[in-house]
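Colleague: Handing you this structure, nothing more for now.
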Amino acid sequence: MRRYLGNRWVRIAIVLFAIGSVPLALSALLAIVAPPLAVAFPIGEVLWLVTFWPAVFLLAAGIVQVRGEK
């Protein structure tokens, strides 16, 4: 696990995923607490869509790179 977290691509993927997922999670929480307010802030879904797939590709690239370093 330490080898994977030491890889730059894996760290960037984790940060990118967190940046995209936190606003979506807050938006979902807001939708549960106050439904009318959740419609006013669609940035969570947009940010998640823009950051999720790049994070997946970077994570896959980092895993392939770490496995190839043996």
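Here's how to read the names in the structure tokens: chain A, B, ... by the order shown, residue numbers from 1 in each chain, ligand numbers from 1 in the order shown.
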Excluding Leu59 (chain A) and any residue of its chain fewer than 6 positions from it, enumerate the residues within 9 Å of it, using only C-alpha atoms, and give them as JSON, numbers by chain.

Modeller: {"A": [9, 10, 11, 12, 13, 14]}

Colleague: Those same residues, written as an mmCIF file, in the first residue's frame with C-alpha atoms?

Modeller:
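Once written, again-v6.cif looks like this:
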```cif
data_model
loop_
_atom_site.group_PDB
_atom_site.id
_atom_site.type_symbol
_atom_site.label_atom_id
_atom_site.label_comp_id
_atom_site.auth_asym_id
_atom_site.auth_seq_id
_atom_site.Cartn_x
_atom_site.Cartn_y
_atom_site.Cartn_z
ATOM 1 C CA TRP A 9 -0.278 9.683 -10.105
ATOM 2 C CA VAL A 10 -2.084 7.842 -7.311
ATOM 3 C CA ARG A 11 -1.802 10.831 -4.954
ATOM 4 C CA ILE A 12 -3.085 13.225 -7.639
ATOM 5 C CA ALA A 13 -5.998 10.853 -8.367
ATOM 6 C CA ILE A 14 -6.962 10.703 -4.684
#
```

Colleague: Here is a test: counting only C-alpha atoms, which residue of A:Met1, A:Leu24, A:Glu69, A:Gly6 is nearest to Leu47 (chain A)?

Modeller: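 So, comparing all the options, the nearest one is A:Leu24.
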
Colleague: When you look at Arg67 (chain A) with a cut-off of 12 Å (counting only C-alpha atoms), what residues show up, excluding the ones that are within fewer than 6 positions of it in the same chain? I need them as a CSV table (one decimal) with N, CA, C and O atoms, in the first residue's frame.

Modeller:
```
chain,number,residue,atom,x,y,z
A,1,MET,N,0.8,-1.2,0.0
A,1,MET,CA,0.0,0.0,0.0
A,1,MET,C,0.9,1.2,0.0
A,1,MET,O,0.5,2.2,-0.6
A,3,ARG,N,3.7,1.6,-1.4
A,3,ARG,CA,4.2,1.9,-2.7
A,3,ARG,C,3.2,2.6,-3.6
A,3,ARG,O,3.6,3.5,-4.3
A,4,TYR,N,2.0,2.3,-3.4
A,4,TYR,CA,1.0,2.9,-4.2
A,4,TYR,C,0.8,4.4,-3.8
A,4,TYR,O,0.6,5.3,-4.6
A,7,ASN,N,3.3,6.9,-5.1
A,7,ASN,CA,3.3,7.2,-6.5
A,7,ASN,C,2.6,8.5,-6.7
A,7,ASN,O,1.5,8.8,-6.2
A,60,ALA,N,-5.6,4.4,-12.4
A,60,ALA,CA,-5.2,3.3,-13.1
A,60,ALA,C,-3.8,3.4,-13.7
A,60,ALA,O,-3.0,2.4,-13.6
A,61,ALA,N,-3.4,4.6,-14.1
A,61,ALA,CA,-2.1,4.8,-14.6
A,61,ALA,C,-1.0,4.6,-13.5
A,61,ALA,O,0.0,4.1,-13.7
```

Colleague: Rounded to one decimal place, report the CA of Gly68 (chain A)-CA of Pro54 (chain A) distance in Å.

Modeller: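 One can read the CA of Gly68 (chain A) to CA of Pro54 (chain A) distance as 20.9 Å.
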
Colleague: Would you compute the distance between CA of Leu29 (chain A) and CA of Phe17 (chain A)? Give it in Å to one decimal.

Modeller: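 CA of Phe17 (chain A) lies at a distance of 18.0 Å from CA of Leu29 (chain A).
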